[in-house]
Structure formats: structure tokens, C-alpha cells
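my_file_10.pdb follows; it contains PDB, C-alpha atoms.
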ATOM      1  CA  MET A  19       0.000   0.000   0.000
ATOM      2  CA  SER A  20       2.251   2.803  -1.198
ATOM      3  CA  ASP A  21      -0.441   5.141  -2.514
ATOM      4  CA  ARG A  22      -1.784   6.300   0.836
ATOM      5  CA  GLY A  23      -1.983  10.046   1.380
ATOM      6  CA  TYR A  24      -0.456  11.959   4.275
ATOM      7  CA  PRO A  25      -0.673  15.608   5.297
ATOM      8  CA  ASP A  26       2.186  17.810   4.051
ATOM      9  CA  ALA A  27       2.543  19.355   7.476
ATOM     10  CA  VAL A  28       4.350  17.511  10.250
ATOM     11  CA  ALA A  29       2.266  16.873  13.378
ATOM     12  CA  ASP A  30       2.908  18.424  16.791
ATOM     13  CA  GLU A  31       5.431  16.904  19.121
ATOM     14  CA  PHE A  32       3.786  14.385  21.369
ATOM     15  CA  PRO A  33       4.993  13.543  24.880
ATOM     16  CA  PRO A  34       6.957  10.304  24.928
ATOM     17  CA  PRO A  35       5.764   7.887  27.650
ATOM     18  CA  PRO A  36       5.909   7.108  30.517
ATOM     19  CA  THR A  37       3.340   9.735  31.519
ATOM     20  CA  THR A  38       0.842   9.799  34.370
ATOM     21  CA  PHE A  39      -2.485  11.601  34.644
ATOM     22  CA  THR A  40      -5.768  11.488  36.547
ATOM     23  CA  ASP A  41      -8.739  10.532  34.372
ATOM     24  CA  ARG A  42     -12.239  12.062  34.578
ATOM     25  CA  GLU A  43     -13.268   9.340  37.043
ATOM     26  CA  ASP A  44     -10.393  10.307  39.385
ATOM     27  CA  ARG A  45      -8.389   7.200  38.558
ATOM     28  CA  VAL A  46      -4.617   7.524  38.288
ATOM     29  CA  ILE A  47      -3.572   6.215  34.888
ATOM     30  CA  GLU A  48      -0.012   5.610  33.769
ATOM     31  CA  ILE A  49       0.971   5.214  30.117
ATOM     32  CA  ARG A  50       4.045   3.097  29.492
ATOM     33  CA  PRO A  51       5.629   1.531  26.403
ATOM     34  CA  TYR A  52       5.313  -2.239  26.222
ATOM     35  CA  GLU A  53       8.790  -3.737  26.369
ATOM     36  CA  GLY A  54       8.212  -7.465  26.169
ATOM     37  CA  ASP A  55       7.307  -8.122  29.802
ATOM     38  CA  GLU A  56       5.400 -11.391  30.199
ATOM     39  CA  ALA A  57       3.070 -10.138  32.950
ATOM     40  CA  ASP A  58       2.186  -7.033  30.900
ATOM     41  CA  ARG A  59       1.292  -9.257  28.002
ATOM     42  CA  GLU A  60      -0.956 -11.407  30.220
ATOM     43  CA  ALA A  61      -2.705  -8.264  31.454
ATOM     44  CA  LEU A  62      -3.427  -7.370  27.829
ATOM     45  CA  VAL A  63      -4.811 -10.847  27.115
ATOM     46  CA  GLU A  64      -7.090 -10.355  30.110
ATOM     47  CA  MET A  65      -8.229  -6.939  28.905
ATOM     48  CA  TYR A  66      -9.081  -8.200  25.433
ATOM     49  CA  ASP A  67     -10.725 -11.365  26.735
ATOM     50  CA  ALA A  68     -13.130  -9.137  28.695
ATOM     51  CA  PHE A  69     -13.567  -6.689  25.793
ATOM     52  CA  ASP A  70     -17.132  -6.008  24.604
ATOM     53  CA  PRO A  71     -17.428  -7.481  21.086
ATOM     54  CA  ALA A  72     -19.761  -4.604  20.181
ATOM     55  CA  ASP A  73     -16.665  -2.386  20.149
ATOM     56  CA  ARG A  74     -14.746  -4.571  17.726
ATOM     57  CA  ALA A  75     -13.538  -2.751  14.632
ATOM     58  CA  GLN A  76     -13.017  -4.529  11.294
ATOM     59  CA  GLY A  77     -12.442  -7.865  13.007
ATOM     60  CA  ILE A  78     -10.164  -6.771  15.844
ATOM     61  CA  PRO A  79      -9.734  -7.525  18.662
ATOM     62  CA  PRO A  80     -10.578 -11.101  17.712
ATOM     63  CA  GLY A  81     -12.810 -13.186  19.973
ATOM     64  CA  GLY A  82     -11.618 -15.929  22.308
ATOM     65  CA  GLU A  83      -8.338 -16.251  24.194
ATOM     66  CA  LYS A  84      -6.601 -18.357  21.548
ATOM     67  CA  ARG A  85      -7.191 -15.871  18.744
ATOM     68  CA  ILE A  86      -6.369 -12.946  21.023
ATOM     69  CA  ARG A  87      -2.976 -14.539  21.764
ATOM     70  CA  GLU A  88      -2.298 -15.165  18.064
ATOM     71  CA  TRP A  89      -3.198 -11.581  17.254
ATOM     72  CA  LEU A  90      -0.994 -10.174  20.049
ATOM     73  CA  ASP A  91       1.859 -12.414  18.823
ATOM     74  CA  ALA A  92       1.624 -10.542  15.513
ATOM     75  CA  ILE A  93       1.411  -6.976  16.842
ATOM     76  CA  LEU A  94       3.499  -6.914  20.059
ATOM     77  CA  PRO A  95       6.992  -8.081  19.099
ATOM     78  CA  GLY A  96       9.788  -6.965  16.829
ATOM     79  CA  ASP A  97       9.428  -3.723  14.979
ATOM     80  CA  CYS A  98       5.953  -2.860  16.303
ATOM     81  CA  TYR A  99       5.523  -0.044  18.854
ATOM     82  CA  ASN A 100       3.039  -0.567  21.687
ATOM     83  CA  VAL A 101       1.906   1.468  24.670
ATOM     84  CA  ILE A 102      -0.431   0.418  27.465
ATOM     85  CA  ALA A 103      -2.585   2.560  29.787
ATOM     86  CA  TRP A 104      -2.399   1.136  33.302
ATOM     87  CA  CYS A 105      -4.718   1.562  36.265
ATOM     88  CA  ASP A 106      -2.623  -0.095  38.990
ATOM     89  CA  ASP A 107      -1.987  -3.595  37.591
ATOM     90  CA  GLU A 108      -4.947  -3.567  35.244
ATOM     91  CA  ALA A 109      -4.576  -2.798  31.533
ATOM     92  CA  ALA A 110      -7.169  -0.114  30.770
ATOM     93  CA  GLY A 111      -6.195   0.541  27.166
ATOM     94  CA  HIS A 112      -3.687  -0.359  24.489
ATOM     95  CA  ALA A 113      -2.460   1.334  21.336
ATOM     96  CA  THR A 114      -0.159  -0.046  18.683
ATOM     97  CA  LEU A 115       1.822   0.887  15.566
ATOM     98  CA  VAL A 116       2.393  -2.023  13.174
ATOM     99  CA  PRO A 117       4.831  -1.610  10.256
ATOM    100  CA  ASP A 118       3.350  -1.649   6.764
ATOM    101  CA  GLY A 119       5.939  -0.851   4.104
ATOM    102  CA  ASP A 120       7.333   2.644   4.726
ATOM    103  CA  ALA A 121       4.570   3.565   7.181
ATOM    104  CA  TYR A 122       2.836   2.241  10.298
ATOM    105  CA  GLU A 123      -0.777   1.238  10.808
ATOM    106  CA  LEU A 124      -2.331   2.475  14.060
ATOM    107  CA  ALA A 125      -5.009   0.931  16.271
ATOM    108  CA  ILE A 126      -6.208   1.873  19.740
ATOM    109  CA  PHE A 127      -8.569   0.167  22.182
ATOM    110  CA  VAL A 128      -9.829   1.302  25.568
ATOM    111  CA  HIS A 129     -11.664  -1.224  27.727
ATOM    112  CA  GLN A 130     -15.357  -0.407  28.249
ATOM    113  CA  LYS A 131     -14.824   0.127  31.982
ATOM    114  CA  TYR A 132     -12.375   2.948  31.174
ATOM    115  CA  GLN A 133     -14.088   4.609  28.218
ATOM    116  CA  ARG A 134     -15.341   8.231  28.179
ATOM    117  CA  ALA A 135     -12.761   9.277  30.773
ATOM    118  CA  GLY A 136     -10.186  10.935  28.514
ATOM    119  CA  ILE A 137      -7.837   7.935  28.462
ATOM    120  CA  GLY A 138      -7.981   7.493  24.665
ATOM    121  CA  THR A 139      -6.573  10.974  24.039
ATOM    122  CA  HIS A 140      -3.646  10.440  26.428
ATOM    123  CA  LEU A 141      -3.067   6.941  25.086
ATOM    124  CA  ILE A 142      -2.863   7.945  21.413
ATOM    125  CA  ARG A 143      -0.650  10.930  22.240
ATOM    126  CA  GLY A 144       1.597   8.576  24.204
ATOM    127  CA  LEU A 145       1.763   6.149  21.308
ATOM    128  CA  LEU A 146       2.608   8.899  18.822
ATOM    129  CA  GLY A 147       5.245  10.289  21.225
ATOM    130  CA  HIS A 148       6.735   6.808  21.436
ATOM    131  CA  GLY A 149       6.658   6.595  17.624
ATOM    132  CA  GLN A 150       8.316  10.002  17.224
ATOM    133  CA  ALA A 151      11.057   8.999  19.675
ATOM    134  CA  ASN A 152      11.682   5.970  17.438
ATOM    135  CA  GLU A 153      11.758   7.947  14.159
ATOM    136  CA  VAL A 154       8.406   6.739  12.832
ATOM    137  CA  GLU A 155       7.586   9.027   9.904
ATOM    138  CA  LYS A 156       4.113   8.171   8.665
ATOM    139  CA  VAL A 157       1.079   6.660  10.349
ATOM    140  CA  TRP A 158      -2.221   5.569   8.812
ATOM    141  CA  LEU A 159      -5.410   4.064  10.136
ATOM    142  CA  THR A 160      -8.879   3.084   9.060
ATOM    143  CA  VAL A 161     -11.983   3.840  11.058
ATOM    144  CA  GLU A 162     -15.622   3.016  10.504
ATOM    145  CA  ARG A 163     -17.257   6.271   9.417
ATOM    146  CA  TRP A 164     -20.123   5.900  11.933
ATOM    147  CA  ASN A 165     -17.618   5.816  14.813
ATOM    148  CA  ARG A 166     -17.813   9.565  15.333
ATOM    149  CA  ALA A 167     -16.038   9.605  18.695
ATOM    150  CA  ALA A 168     -12.990   7.940  17.157
ATOM    151  CA  VAL A 169     -13.029  10.088  13.999
ATOM    152  CA  SER A 170     -13.140  13.318  16.024
ATOM    153  CA  LEU A 171     -10.325  12.092  18.287
ATOM    154  CA  TYR A 172      -8.127  11.358  15.258
ATOM    155  CA  LYS A 173      -8.915  14.755  13.716
ATOM    156  CA  LYS A 174      -8.098  16.531  16.967
ATOM    157  CA  ILE A 175      -4.721  14.764  16.985
ATOM    158  CA  GLY A 176      -4.008  15.992  13.430
ATOM    159  CA  PHE A 177      -4.971  13.048  11.234
ATOM    160  CA  GLU A 178      -6.362  13.994   7.839
ATOM    161  CA  THR A 179      -8.716  11.886   5.750
ATOM    162  CA  SER A 180      -6.889  10.331   2.809
ATOM    163  CA  ASP A 181      -9.657   8.100   1.420
ATOM    164  CA  ALA A 182     -13.356   8.643   2.041
ATOM    165  CA  GLU A 183     -14.677   6.421  -0.724
ATOM    166  CA  SER A 184     -15.036   3.157   1.189
ATOM    167  CA  PHE A 185     -17.080   1.897   4.132
ATOM    168  CA  GLU A 186     -14.110   2.805   6.312
ATOM    169  CA  LEU A 187     -12.428   6.183   6.317
ATOM    170  CA  GLU A 188      -8.697   6.090   5.832
ATOM    171  CA  MET A 189      -6.661   8.758   7.634
ATOM    172  CA  GLY A 190      -2.987   9.691   7.684
ATOM    173  CA  LEU A 191      -0.567  11.605   9.911
ATOM    174  CA  ARG A 192       3.034  12.691   9.374
ATOM    175  CA  LEU A 193       5.176  12.446  12.537
ATOM    176  CA  HIS A 194       8.546  13.425  11.067
ATOM    177  CA  ALA A 195       9.633  15.162   7.914
ATOM    178  CA  GLY A 196      11.331  12.426   5.919
ATOM    179  CA  ASP A 197      12.605  11.953   2.405
ATOM    180  CA  ASP A 198       9.287  11.254   0.781
ATOM    181  CA  GLU A 199       8.738  10.877  -2.952
ATOM    182  CA  ASP A 200       5.361  12.576  -2.613
ATOM    183  CA  VAL A 201       6.924  15.889  -1.585
ATOM    184  CA  ASP A 202       6.335  18.594  -4.143
ATOM    185  CA  PRO A 203       9.754  19.392  -5.698
ATOM    186  CA  ASP A 204       8.913  23.121  -5.727
ATOM    187  CA  ASP A 205       8.572  23.062  -1.952
ATOM    188  CA  ALA A 206      11.617  20.877  -1.432
ATOM    189  CA  ASP A 207      14.012  23.014  -3.460
ATOM    190  CA  GLU A 208      13.357  26.351  -1.816
TER     191      GLU A 208
ATOM    192  CA  MET B   7     -27.986 -23.393  -7.215
ATOM    193  CA  LYS B   8     -27.031 -20.995  -9.992
ATOM    194  CA  VAL B   9     -23.900 -19.264  -8.756
ATOM    195  CA  LEU B  10     -21.855 -16.371 -10.197
ATOM    196  CA  CYS B  11     -18.341 -16.114  -8.772
ATOM    197  CA  GLY B  12     -16.556 -12.846  -9.565
ATOM    198  CA  ILE B  13     -12.754 -12.796  -9.383
ATOM    199  CA  GLY B  14     -10.231 -10.127 -10.344
ATOM    200  CA  GLY B  15      -6.889 -11.505  -9.217
ATOM    201  CA  SER B  16      -6.610 -10.384  -5.598
ATOM    202  CA  ASP B  17      -5.599 -12.979  -3.003
ATOM    203  CA  ASP B  18      -9.070 -13.036  -1.498
ATOM    204  CA  SER B  19     -10.645 -13.532  -4.923
ATOM    205  CA  PHE B  20      -8.584 -16.710  -5.408
ATOM    206  CA  ARG B  21      -9.764 -17.966  -2.017
ATOM    207  CA  ALA B  22     -13.329 -17.338  -3.196
ATOM    208  CA  LEU B  23     -12.587 -19.221  -6.429
ATOM    209  CA  ASP B  24     -11.218 -22.272  -4.644
ATOM    210  CA  ARG B  25     -14.052 -22.437  -2.139
ATOM    211  CA  THR B  26     -16.753 -21.961  -4.777
ATOM    212  CA  VAL B  27     -15.315 -24.608  -7.089
ATOM    213  CA  GLU B  28     -14.947 -26.993  -4.164
ATOM    214  CA  ARG B  29     -18.548 -26.402  -3.133
ATOM    215  CA  ALA B  30     -19.862 -26.714  -6.700
ATOM    216  CA  ALA B  31     -18.283 -30.158  -7.007
ATOM    217  CA  VAL B  32     -20.175 -31.340  -3.925
ATOM    218  CA  ALA B  33     -23.435 -29.413  -4.280
ATOM    219  CA  ASN B  34     -23.686 -29.698  -8.056
ATOM    220  CA  ASP B  35     -24.027 -25.917  -8.457
ATOM    221  CA  ASP B  36     -24.533 -24.403 -11.884
ATOM    222  CA  LEU B  37     -21.383 -22.269 -11.668
ATOM    223  CA  THR B  38     -20.141 -19.401 -13.811
ATOM    224  CA  ILE B  39     -16.810 -17.760 -12.995
ATOM    225  CA  ALA B  40     -16.590 -14.160 -14.158
ATOM    226  CA  VAL B  41     -13.066 -12.790 -14.544
ATOM    227  CA  VAL B  42     -13.403  -9.044 -14.014
ATOM    228  CA  ASP B  43     -11.065  -6.048 -14.220
ATOM    229  CA  ASN B  44      -9.653  -5.196 -10.810
ATOM    230  CA  GLU B  45      -7.391  -2.168 -10.991
ATOM    231  CA  ASP B  46      -5.929  -3.005  -7.566
ATOM    232  CA  SER B  47      -4.777  -6.436  -8.734
ATOM    233  CA  SER B  48      -1.257  -7.164  -9.928
ATOM    234  CA  VAL B  49      -2.339 -10.367 -11.718
ATOM    235  CA  SER B  50      -3.394  -9.946 -15.366
ATOM    236  CA  PRO B  51      -6.877 -11.047 -16.486
ATOM    237  CA  ASP B  52      -5.285 -13.702 -18.747
ATOM    238  CA  GLU B  53      -3.517 -15.254 -15.785
ATOM    239  CA  VAL B  54      -6.728 -15.111 -13.744
ATOM    240  CA  MET B  55      -8.601 -16.837 -16.621
ATOM    241  CA  GLU B  56      -5.949 -19.547 -16.703
ATOM    242  CA  ARG B  57      -6.063 -20.072 -12.978
ATOM    243  CA  ALA B  58      -9.870 -20.356 -13.010
ATOM    244  CA  GLU B  59      -9.841 -22.835 -15.900
ATOM    245  CA  THR B  60      -7.287 -24.973 -14.100
ATOM    246  CA  ALA B  61      -9.359 -24.962 -10.910
ATOM    247  CA  VAL B  62     -12.447 -26.060 -12.856
ATOM    248  CA  GLU B  63     -10.541 -28.830 -14.649
ATOM    249  CA  GLU B  64      -8.968 -30.137 -11.478
ATOM    250  CA  ALA B  65     -12.313 -30.261  -9.708
ATOM    251  CA  GLU B  66     -13.775 -32.072 -12.745
ATOM    252  CA  ILE B  67     -16.851 -29.874 -12.811
ATOM    253  CA  ASP B  68     -18.703 -28.344 -15.707
ATOM    254  CA  ALA B  69     -18.408 -24.587 -15.127
ATOM    255  CA  GLU B  70     -18.123 -21.671 -17.497
ATOM    256  CA  VAL B  71     -15.180 -19.288 -17.162
ATOM    257  CA  ARG B  72     -16.079 -15.955 -18.722
ATOM    258  CA  ARG B  73     -14.064 -12.766 -19.268
ATOM    259  CA  VAL B  74     -16.143  -9.754 -18.172
ATOM    260  CA  GLU B  75     -14.821  -6.338 -19.133
ATOM    261  CA  GLY B  76     -15.947  -2.918 -17.915
ATOM    262  CA  ASP B  77     -16.825  -1.717 -14.441
ATOM    263  CA  PRO B  78     -16.603  -4.920 -12.370
ATOM    264  CA  GLY B  79     -19.249  -4.281  -9.712
ATOM    265  CA  SER B  80     -22.003  -3.092 -12.018
ATOM    266  CA  ARG B  81     -21.261  -5.760 -14.628
ATOM    267  CA  LEU B  82     -21.559  -8.529 -12.009
ATOM    268  CA  VAL B  83     -24.872  -7.182 -10.731
ATOM    269  CA  GLU B  84     -26.152  -6.827 -14.281
ATOM    270  CA  ILE B  85     -25.178 -10.378 -15.264
ATOM    271  CA  ALA B  86     -26.724 -11.791 -12.081
ATOM    272  CA  GLU B  87     -30.006 -10.028 -12.823
ATOM    273  CA  THR B  88     -30.272 -10.652 -16.562
ATOM    274  CA  GLU B  89     -29.222 -14.296 -16.350
ATOM    275  CA  ALA B  90     -31.185 -15.197 -13.209
ATOM    276  CA  PHE B  91     -28.301 -16.109 -10.936
ATOM    277  CA  GLU B  92     -29.284 -16.904  -7.354
ATOM    278  CA  GLU B  93     -26.046 -15.960  -5.654
ATOM    279  CA  ILE B  94     -22.925 -13.858  -6.231
ATOM    280  CA  VAL B  95     -19.718 -15.037  -4.545
ATOM    281  CA  LEU B  96     -16.769 -12.685  -4.012
ATOM    282  CA  GLY B  97     -13.550 -12.459  -2.054
ATOM    283  CA  GLY B  98     -14.158 -11.358   1.520
ATOM    284  CA  GLY B  99     -11.598  -8.594   1.720
ATOM    285  CA  HIS B 100      -8.001  -7.840   2.481
ATOM    286  CA  THR B 101      -6.473  -8.121   5.971
ATOM    287  CA  SER B 102      -4.013  -5.378   6.953
ATOM    288  CA  PRO B 103      -0.791  -6.116   8.888
ATOM    289  CA  MET B 104      -2.748  -5.059  11.973
ATOM    290  CA  GLY B 105      -5.376  -7.718  11.292
ATOM    291  CA  LYS B 106      -8.096  -5.311  10.201
ATOM    292  CA  ILE B 107     -10.435  -6.514   7.493
ATOM    293  CA  THR B 108     -11.113  -4.137   4.609
ATOM    294  CA  ILE B 109     -13.743  -5.009   2.030
ATOM    295  CA  GLY B 110     -12.769  -4.369  -1.581
ATOM    296  CA  SER B 111     -14.516  -1.743  -3.711
ATOM    297  CA  ILE B 112     -16.112  -4.371  -5.972
ATOM    298  CA  ALA B 113     -17.642  -6.170  -2.988
ATOM    299  CA  GLU B 114     -18.927  -2.883  -1.560
ATOM    300  CA  PHE B 115     -20.728  -2.048  -4.779
ATOM    301  CA  VAL B 116     -22.171  -5.537  -5.205
ATOM    302  CA  LEU B 117     -23.346  -5.728  -1.568
ATOM    303  CA  LEU B 118     -25.249  -2.470  -1.879
ATOM    304  CA  ASN B 119     -26.718  -3.102  -5.326
ATOM    305  CA  ALA B 120     -27.347  -6.795  -5.843
ATOM    306  CA  LYS B 121     -30.851  -8.253  -5.578
ATOM    307  CA  THR B 122     -29.390 -11.729  -5.100
ATOM    308  CA  SER B 123     -27.714 -13.066  -1.991
ATOM    309  CA  VAL B 124     -24.024 -12.222  -1.803
ATOM    310  CA  THR B 125     -21.422 -14.456  -0.172
ATOM    311  CA  LEU B 126     -18.067 -13.027   0.879
ATOM    312  CA  VAL B 127     -15.511 -15.790   1.379
ATOM    313  CA  ARG B 128     -13.189 -15.355   4.380
TER     314      ARG B 128
END

Do you think you could lay out the structure here as C-alpha cells?
Amino acid sequence: MSDRGYPDAVADEFPPPPTTFTDREDRVIEIRPYEGDEADREALVEMYDAFDPADRAQGIPPGGEKRIREWLDAILPGDCYNVIAWCDDEAAGHATLVPDGDAYELAIFVHQKYQRAGIGTHLIRGLLGHGQANEVEKVWLTVERWNRAAVSLYKKIGFETSDAESFELEMGLRLHAGDDEDVDPDDADE
Amino acid sequence: MKVLCGIGGSDDSFRALDRTVERAAVANDDLTIAVVDNEDSSVSPDEVMERAETAVEEAEIDAEVRRVEGDPGSRLVEIAETEAFEEIVLGGGHTSPMGKITIGSIAEFVLLNAKTSVTLVR
């Protein structure tokens, strides 16, 4: 997928995790990068196993512990970037960047118990800060167009719609100025 | 059942082909495979034709493989309606590295416009 569109402008600088804040329900939430810890991974399995299937998006998170583990095996290790929102030892939310050619695909999930408390905004900013710290240049995502809460969150962050012709909206964000073939030569030469 | 399977060369369209041929051999479907233009596909229509013909031969079924040019979604719907097909079968979409399913543009058009049942093969 090399023909995705991204904004010309580079996004704001996002705070790299770890960060801590108090959510709208007065819970102390800490956002930390996932660094391969076994217990952290089990906490994520637990979060997704208890995840309301009504909030699934385009088939993820998958249902059932076995499929959840297979899916996490694909998106946690190696060159993926992951951050988790913690409330004590409980995983409240998770966001991930998965490499796709010269860009990264983004997804974010907040457990139902922790939704509508401002955690999603902190979590995605933490993920993008983590991505910026690791020289990620371009990020894309798809979102179901009826998911207005998610679409407005992504817009607020700086994502711009790159394809509105399908069931899902496709959006893109530029985290770093990189050598990109799409750059207009007139702009680049000045 | 009279089945129209539309394929354009994407990975998911070949999965749909294999499943439909397999099912036709068991269920004795009256199967037509329509090879359509898919601008997102890197496989040429000739290669897709060849692959479909091979699948039909190997399954030892009597199915027509037909080249259908023009806008793929509307042509499939039109053929299904004018030739009284009972079902259209298509590939069920692409899965991103993240694991997200995205339905192709042909399937979107057919789903919203067909009067027949539509099966998307996962």
C-alpha cells in the first residue's frame, strides 16, 4: 500500500511515555511503552478477553483467548511499537503501531470500563510520542465512518482523511519530515 | 444453485474461487466464474482466466469461465439479474498487517446493489 496520502505538514510533538495523569473518574492512569514483559502481556490478554465485542472494529480484537494470543503475537513483538494505559496492575487501554511498508498502521482500544474518561486521548498521544522517539515518519489508520467519537479524536490529533470512498475512512498523519517521494519538488528546493 | 463467482486476481478472490469450485463439485451448483477487471490487482486477467480454468478442470466440474470487461461491480450485478443467478460469490476482503479486514470496492458495490444473496468468502 504505497499510494496512501499523508498531510504535508508535520504533526505536533507528542509527549513520549511514561506519563501519568488522573482521568475524569479520578483514577490515576499511567501510560508506558510495552517492552516485552510477560506479565504485561498477560494483562493485555485479560483486557481483550473481557472486551465487549460490540466495540470490535473490522475484526479486531478477535474473539476468544486463543485468537487474542495469536493476534498479540503478531502486533506486540519486533518492529511494532506498543503502549499500554495502566490503572494499577490492570490494563485499561492499548495502542499499537504495526509496520506496513514505509509507514505504520495504528489501532487503539480502551476497555469499556475505562471509556469516556479521557484515556484514549492520552493513550494515542503517548503512542505517537513513542513513535516520534523511534523515528516513525508516517502513520495511517482506518476507522468506521459511523464511529464519530474515534473520527473526532483522530482529527483533533491531526490526522487527515486520505480516502473517504469506502465503508471505512482512511486517515494519515506525518510524525517526522522524511525523504518522501510525494513531496512537491517546488517546496523541497526552496 | 445458480452461482456467479466474480474474481479479479486479488488474493481473497482466489480464495473465493477455490471455495466456490470446491462447493460446486459437492453441491452440483450451476457455476459461472466471471473474470473481471480489478485495478488493484497485480495479476493480469489472462492469468486469472488460466487459474480459473485450471481450478475447474482439477475439480472435474462443468463450469463456465467468462471474461467480463468494464466496471466490475455493475457488470456482475447486471449479469446476475439478466441471467437469473441466485447468488454472487466474491472475495471477503483484504487483511491489513494489523489484522483489520477491509472489504474491496467491488464487494462494496455488489453488496449495496445486488438483488441476489451475496457471499463473501473469508

Test item: the ChimeraX specification (/A :<8) & /B resolved as a short mmCIF file (atom, residue, chain, number, x, y, z; two decimals) with C-alpha atoms, keeping the file's coordinate frame:
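What landed in selection.cif:
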data_model
loop_
_atom_site.label_atom_id
_atom_site.label_comp_id
_atom_site.auth_asym_id
_atom_site.auth_seq_id
_atom_site.Cartn_x
_atom_site.Cartn_y
_atom_site.Cartn_z
CA PRO B 103 -0.79 -6.12 8.89
CA MET B 104 -2.75 -5.06 11.97
CA GLY B 105 -5.38 -7.72 11.29
CA LYS B 106 -8.10 -5.31 10.20
CA ILE B 107 -10.44 -6.51 7.49
CA THR B 108 -11.11 -4.14 4.61
CA ILE B 109 -13.74 -5.01 2.03
CA SER B 111 -14.52 -1.74 -3.71
CA GLU B 114 -18.93 -2.88 -1.56
#

Measure the distance from CA of Ser47 in chain B to CA of Gly15 in chain B in Å and round it to one decimal.
-> 5.5 Å

Just the residues within 10 Å of range 162-174 of chain A, please, counting only C-alpha atoms, with nothing from its chain fewer than 4 positions along; format it as a PyMOL selection string.
-> chain A and resi 73+75-76+126+134+138-139+142+178-179+182+184-191

Using all atoms listed in the file, which residues sit within 9 Å of Glu48 in chain A once same-chain residues fewer than 3 positions away are excluded, as a list of chain:residue names?
-> A:Pro35, A:Pro36, A:Thr37, A:Thr38, A:Phe39, A:Thr40, A:Ile102, A:Ala103, A:Trp104, A:Cys105, A:Asp106

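Applied to this file, the PyMOL selection byres ((chain B and resi 99) around 8) selects Asp18, Gly97, Gly98, His100, Thr101, Ile107, Thr108, Ile109, Gly110, Leu126 and Arg128 of chain B.
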
Expressed in Å to a single decimal, how great is the separation between CA of Val127 in chain B and CA of Asp67 in chain A?
->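 Those two atoms sit 26.2 Å apart.
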
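Proximity to Val116 in chain B at 12 Å, evaluated using all atoms listed in the file and with sequence-adjacent residues fewer than 6 positions away removed, yields Leu10, Cys11, Gly12, Asp77, Pro78, Gly79, Ser80, Arg81, Leu82, Val83, Glu84, Ile85, Ala86, Glu87, Glu93, Ile94, Val95, Leu96, Gly97, Gly98, Ile109, Gly110, Thr122, Ser123, Val124, Thr125 and Leu126 of chain B.
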
Identify the residues around (2.2, -5.5, 24.8) within a radius of 9 Å, measuring from only C-alpha atoms in the coordinates stated by the file, and give them as an NGL selection string.
-> :A and (51-56 or 58-62 or 90 or 93-95 or 99-102 or 112-114)

Once 5 Å is added on each side, what are the centre and the three edge lengths, in Å to one decimal, of the axis-aligned box enclosing the listed atoms of range 126-140 of chain A? Present them as lines of an AutoDock Vina configuration file.
center_x = -9.5
center_y = 4.9
center_z = 25.9
size_x = 21.7
size_y = 22.2
size_z = 22.2

Using all atoms listed in the file, which residue out of B:Ala31, B:Ala90, B:Leu23, B:Met7 lies closest to Arg57 in chain B?
->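 Checking each candidate against Arg57 in chain B, we get B:Leu23 as the closest.
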
Because some atoms of range 73-88 of chain B are absent here, can you restore N, CA and C atoms and send them as a tab-separated table (two decimals), keeping the file's coordinate frame?
chain	number	residue	atom	x	y	z
B	73	ARG	N	-14.75	-14.05	-19.45
B	73	ARG	CA	-14.06	-12.77	-19.27
B	73	ARG	C	-15.11	-11.66	-19.30
B	74	VAL	N	-15.16	-10.83	-18.25
B	74	VAL	CA	-16.14	-9.75	-18.17
B	74	VAL	C	-15.41	-8.42	-18.09
B	75	GLU	N	-15.52	-7.62	-19.13
B	75	GLU	CA	-14.82	-6.34	-19.13
B	75	GLU	C	-15.74	-5.22	-18.69
B	76	GLY	N	-15.16	-4.07	-18.37
B	76	GLY	CA	-15.95	-2.92	-17.92
B	76	GLY	C	-15.93	-2.81	-16.41
B	77	ASP	N	-16.78	-1.94	-15.89
B	77	ASP	CA	-16.82	-1.72	-14.44
B	77	ASP	C	-17.25	-3.01	-13.73
B	78	PRO	N	-16.36	-3.57	-12.88
B	78	PRO	CA	-16.60	-4.92	-12.37
B	78	PRO	C	-17.88	-5.07	-11.53
B	79	GLY	N	-18.10	-4.15	-10.60
B	79	GLY	CA	-19.25	-4.28	-9.71
B	79	GLY	C	-20.57	-4.25	-10.47
B	80	SER	N	-20.73	-3.24	-11.32
B	80	SER	CA	-22.00	-3.09	-12.02
B	80	SER	C	-22.21	-4.20	-13.05
B	81	ARG	N	-21.13	-4.67	-13.67
B	81	ARG	CA	-21.26	-5.76	-14.63
B	81	ARG	C	-21.72	-7.04	-13.92
B	82	LEU	N	-21.17	-7.32	-12.75
B	82	LEU	CA	-21.56	-8.53	-12.01
B	82	LEU	C	-23.04	-8.48	-11.62
B	83	VAL	N	-23.47	-7.32	-11.13
B	83	VAL	CA	-24.87	-7.18	-10.73
B	83	VAL	C	-25.78	-7.35	-11.95
B	84	GLU	N	-25.36	-6.75	-13.05
B	84	GLU	CA	-26.15	-6.83	-14.28
B	84	GLU	C	-26.27	-8.28	-14.78
B	85	ILE	N	-25.16	-8.98	-14.80
B	85	ILE	CA	-25.18	-10.38	-15.26
B	85	ILE	C	-26.06	-11.23	-14.34
B	86	ALA	N	-25.92	-11.01	-13.03
B	86	ALA	CA	-26.72	-11.79	-12.08
B	86	ALA	C	-28.20	-11.57	-12.33
B	87	GLU	N	-28.58	-10.33	-12.63
B	87	GLU	CA	-30.01	-10.03	-12.82
B	87	GLU	C	-30.52	-10.53	-14.17
B	88	THR	N	-29.76	-10.29	-15.24
B	88	THR	CA	-30.27	-10.65	-16.56
B	88	THR	C	-30.22	-12.16	-16.79
